[in-house]
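**Student:** Below you'll find the structure I mean.
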Amino acid sequence: MGKIETNVKDALDHIRAATQELHGAISDAAAKRGGATKADLEALAQKAKAVTESAKGSISTQRDAAKKHLADGVTHLEATQKHVAESLKSSGQSFQTSVQKALADARASAQKISEAVAAKRSPASK
């Protein structure tokens with residue numbers, strides 16, 4: 001049983017790291033002089049989709065507290081995907097607004113997934 005718990009913990013840590021990377025990449029793209037390019041956003045869209053699918057796949061393996069935080073993180077990841085997709089179709093202020101919303105949702109998802117990791121490690125969850 002210890003091996004399975006270790007794999008679940010590793011998966012959750014991996015999801016957290018991927019979410020933090022996504023947030024960093026969106027932040028870097030938003031801060032770029034001249035703004036993010038379509039190629040940047042297409043890469044971010046793919047990364048957001050991959051992280052979301054990974055997180056969704058891990059929800060069923062978690063206990064209650066971690067499961068709730070992870071599900072909240074997935075909700076924010078889905079919103080991140082939506083905002084990145086919107087930014088691909090827009091320009092000017094609408095583009096900037098979509099990128100900023102994607103950044104805010106990526107930050108919120110990283111926070112919720114970190115809370116899931118903390119809940120998983122909590123003695124109360126064992």
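Every chain in the structure tokens takes a letter, A first, then B, and so on in the order presented; its residues are numbered from 1, and the ligands are numbered from 1 following the presented order.
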Any idea what's packed within 12 Å of Lys32 in chain A, counting only C-alpha atoms, ignoring anything in its chain fewer than 6 positions away? Could you give it as a ChimeraX atom specification?

**Tutor:** /A:25-26,40,96,99

**Student:** Given the selection you just returned, output its residues as a file containing C-alpha atoms, formatted as a PDB file, in the first residue's frame.

**Tutor:**
```pdb
ATOM      1  CA  ALA A  25       5.156  30.742 -18.484  1.00  0.00           C
ATOM      2  CA  ILE A  26       1.979  32.845 -18.659  1.00  0.00           C
ATOM      3  CA  ASP A  40       3.595  31.585 -27.084  1.00  0.00           C
ATOM      4  CA  GLN A  96      -4.357  41.968 -22.650  1.00  0.00           C
ATOM      5  CA  VAL A  99      -3.910  37.183 -20.793  1.00  0.00           C
TER       6      VAL A  99
END
```

**Student:** Taking 4 positions as the minimum chain separation for residues in the same chain, which residues sit within 10 Å of Leu12 in chain A when counting only C-alpha atoms? Answer as a short mmCIF file (atom, residue, chain, number, x, y, z; two decimals) with N, CA and C atoms, in the first residue's frame.

**Tutor:**
```cif
data_model
loop_
_atom_site.label_atom_id
_atom_site.label_comp_id
_atom_site.auth_asym_id
_atom_site.auth_seq_id
_atom_site.Cartn_x
_atom_site.Cartn_y
_atom_site.Cartn_z
N THR A 6 2.78 6.51 -2.34
CA THR A 6 3.92 7.25 -2.84
C THR A 6 3.67 7.71 -4.26
N ASN A 7 3.10 6.84 -5.10
CA ASN A 7 2.80 7.21 -6.48
C ASN A 7 1.77 8.32 -6.55
N VAL A 8 0.75 8.26 -5.70
CA VAL A 8 -0.28 9.30 -5.67
C VAL A 8 0.34 10.62 -5.24
N ARG A 16 1.40 19.81 -9.25
CA ARG A 16 1.69 21.13 -8.66
C ARG A 16 2.84 21.80 -9.40
N ALA A 17 3.90 21.06 -9.66
CA ALA A 17 5.06 21.63 -10.37
C ALA A 17 4.66 22.09 -11.77
N ALA A 18 3.86 21.29 -12.47
CA ALA A 18 3.41 21.65 -13.82
C ALA A 18 2.53 22.89 -13.80
N SER A 54 -4.18 15.97 -16.60
CA SER A 54 -3.44 15.25 -15.57
C SER A 54 -4.10 15.43 -14.20
N ALA A 55 -4.48 16.67 -13.89
CA ALA A 55 -5.13 16.95 -12.62
C ALA A 55 -6.49 16.24 -12.52
N SER A 58 -6.19 12.67 -11.61
CA SER A 58 -5.74 12.39 -10.25
C SER A 58 -6.81 12.62 -9.18
N ILE A 59 -7.87 13.29 -9.52
CA ILE A 59 -8.90 13.61 -8.52
C ILE A 59 -9.42 12.36 -7.82
N THR A 61 -8.08 9.65 -7.13
CA THR A 61 -7.13 8.95 -6.27
C THR A 61 -6.90 9.66 -4.95
N GLN A 62 -7.51 10.82 -4.75
CA GLN A 62 -7.27 11.62 -3.55
C GLN A 62 -8.33 11.39 -2.48
N ALA A 66 -7.98 16.77 0.03
CA ALA A 66 -7.12 16.98 -1.15
C ALA A 66 -7.96 16.97 -2.42
N LEU A 70 -8.02 19.91 -5.18
CA LEU A 70 -7.62 19.56 -6.54
C LEU A 70 -8.74 19.88 -7.53
N ILE A 113 -3.88 23.74 -5.89
CA ILE A 113 -3.18 22.46 -5.98
C ILE A 113 -2.13 22.36 -4.88
N SER A 114 -1.51 23.47 -4.51
CA SER A 114 -0.60 23.47 -3.36
C SER A 114 -1.36 23.13 -2.08
N ALA A 116 -3.96 21.23 -2.00
CA ALA A 116 -4.22 19.79 -2.10
C ALA A 116 -3.01 18.99 -1.63
N VAL A 117 -1.82 19.44 -2.03
CA VAL A 117 -0.59 18.77 -1.58
C VAL A 117 -0.48 18.86 -0.05
N LYS A 120 -2.91 16.54 1.55
CA LYS A 120 -2.47 15.16 1.38
C LYS A 120 -1.41 14.80 2.42
#
```

**Student:** Just to confirm, what's the straight-line distance from CA of Ala65 in chain A to CA of Ala45 in chain A in Å (one decimal)?

**Tutor:**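 Between CA of Ala65 in chain A and CA of Ala45 in chain A the gap works out to 28.5 Å.
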
**Student:** To test your reading of the structure, identify every residue in chain A that backbone DSSP assigns to alpha helix (DSSP H), and report it as a ChimeraX atom specification.

**Tutor:** /A:2-31,38-59,64-88,92-121

**Student:** Could you tell me how far CA of Lys56 in chain A sits from CA of Pro123 in chain A, in Å to one decimal place?

**Tutor:**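 Going from CA of Pro123 in chain A over to CA of Lys56 in chain A covers 24.1 Å.
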
**Student:** One number please: CA of His23 in chain A to CA of Ala50 in chain A, in Å, one decimal.

**Tutor:**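 Between CA of His23 in chain A and CA of Ala50 in chain A the gap works out to 13.6 Å.
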
**Student:** Looking at only C-alpha atoms, which of A:Leu41, A:Leu22, A:Ala29, A:Ala11 is the one that sits closest to Leu77 in chain A?

**Tutor:**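 With only C-alpha atoms as the atom set, the closest residue is A:Leu22.
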
**Student:** Rank nothing, just name the residue among A:Ala119, A:Lys38, A:His69, A:Ala108 nearest to Leu88 in chain A, using only C-alpha atoms.

**Tutor:** A:Lys38

**Student:** Rank nothing, just name the residue among A:Leu44, A:Ala71, A:Thr80, A:Ser109 nearest to Gly57 in chain A, using only C-alpha atoms.

**Tutor:** A:Ala71

**Student:** With only C-alpha atoms as the atoms that count, which of A:Ser90, A:Glu115, A:Val84, A:Ala48 lies nearest to Lys68 in chain A?

**Tutor:**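 Counting only C-alpha atoms, the residue closest to Lys68 in chain A is A:Glu115.
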
**Student:** Considering only C-alpha atoms, can you say which of A:Arg63, A:Ser87, A:Gln100, A:Ser27 comes closest to Ala39 in chain A?

**Tutor:**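 For Ala39 in chain A, the nearest of the candidates is A:Ser87.
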
**Student:** Using only C-alpha atoms, which of the listed residues (A:Gln93, A:Ala110, A:Asp64, A:Glu42) sits closest to Gln81 in chain A?

**Tutor:**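 Once distances to Gln81 in chain A are computed over only C-alpha atoms, the minimum belongs to A:Glu42.
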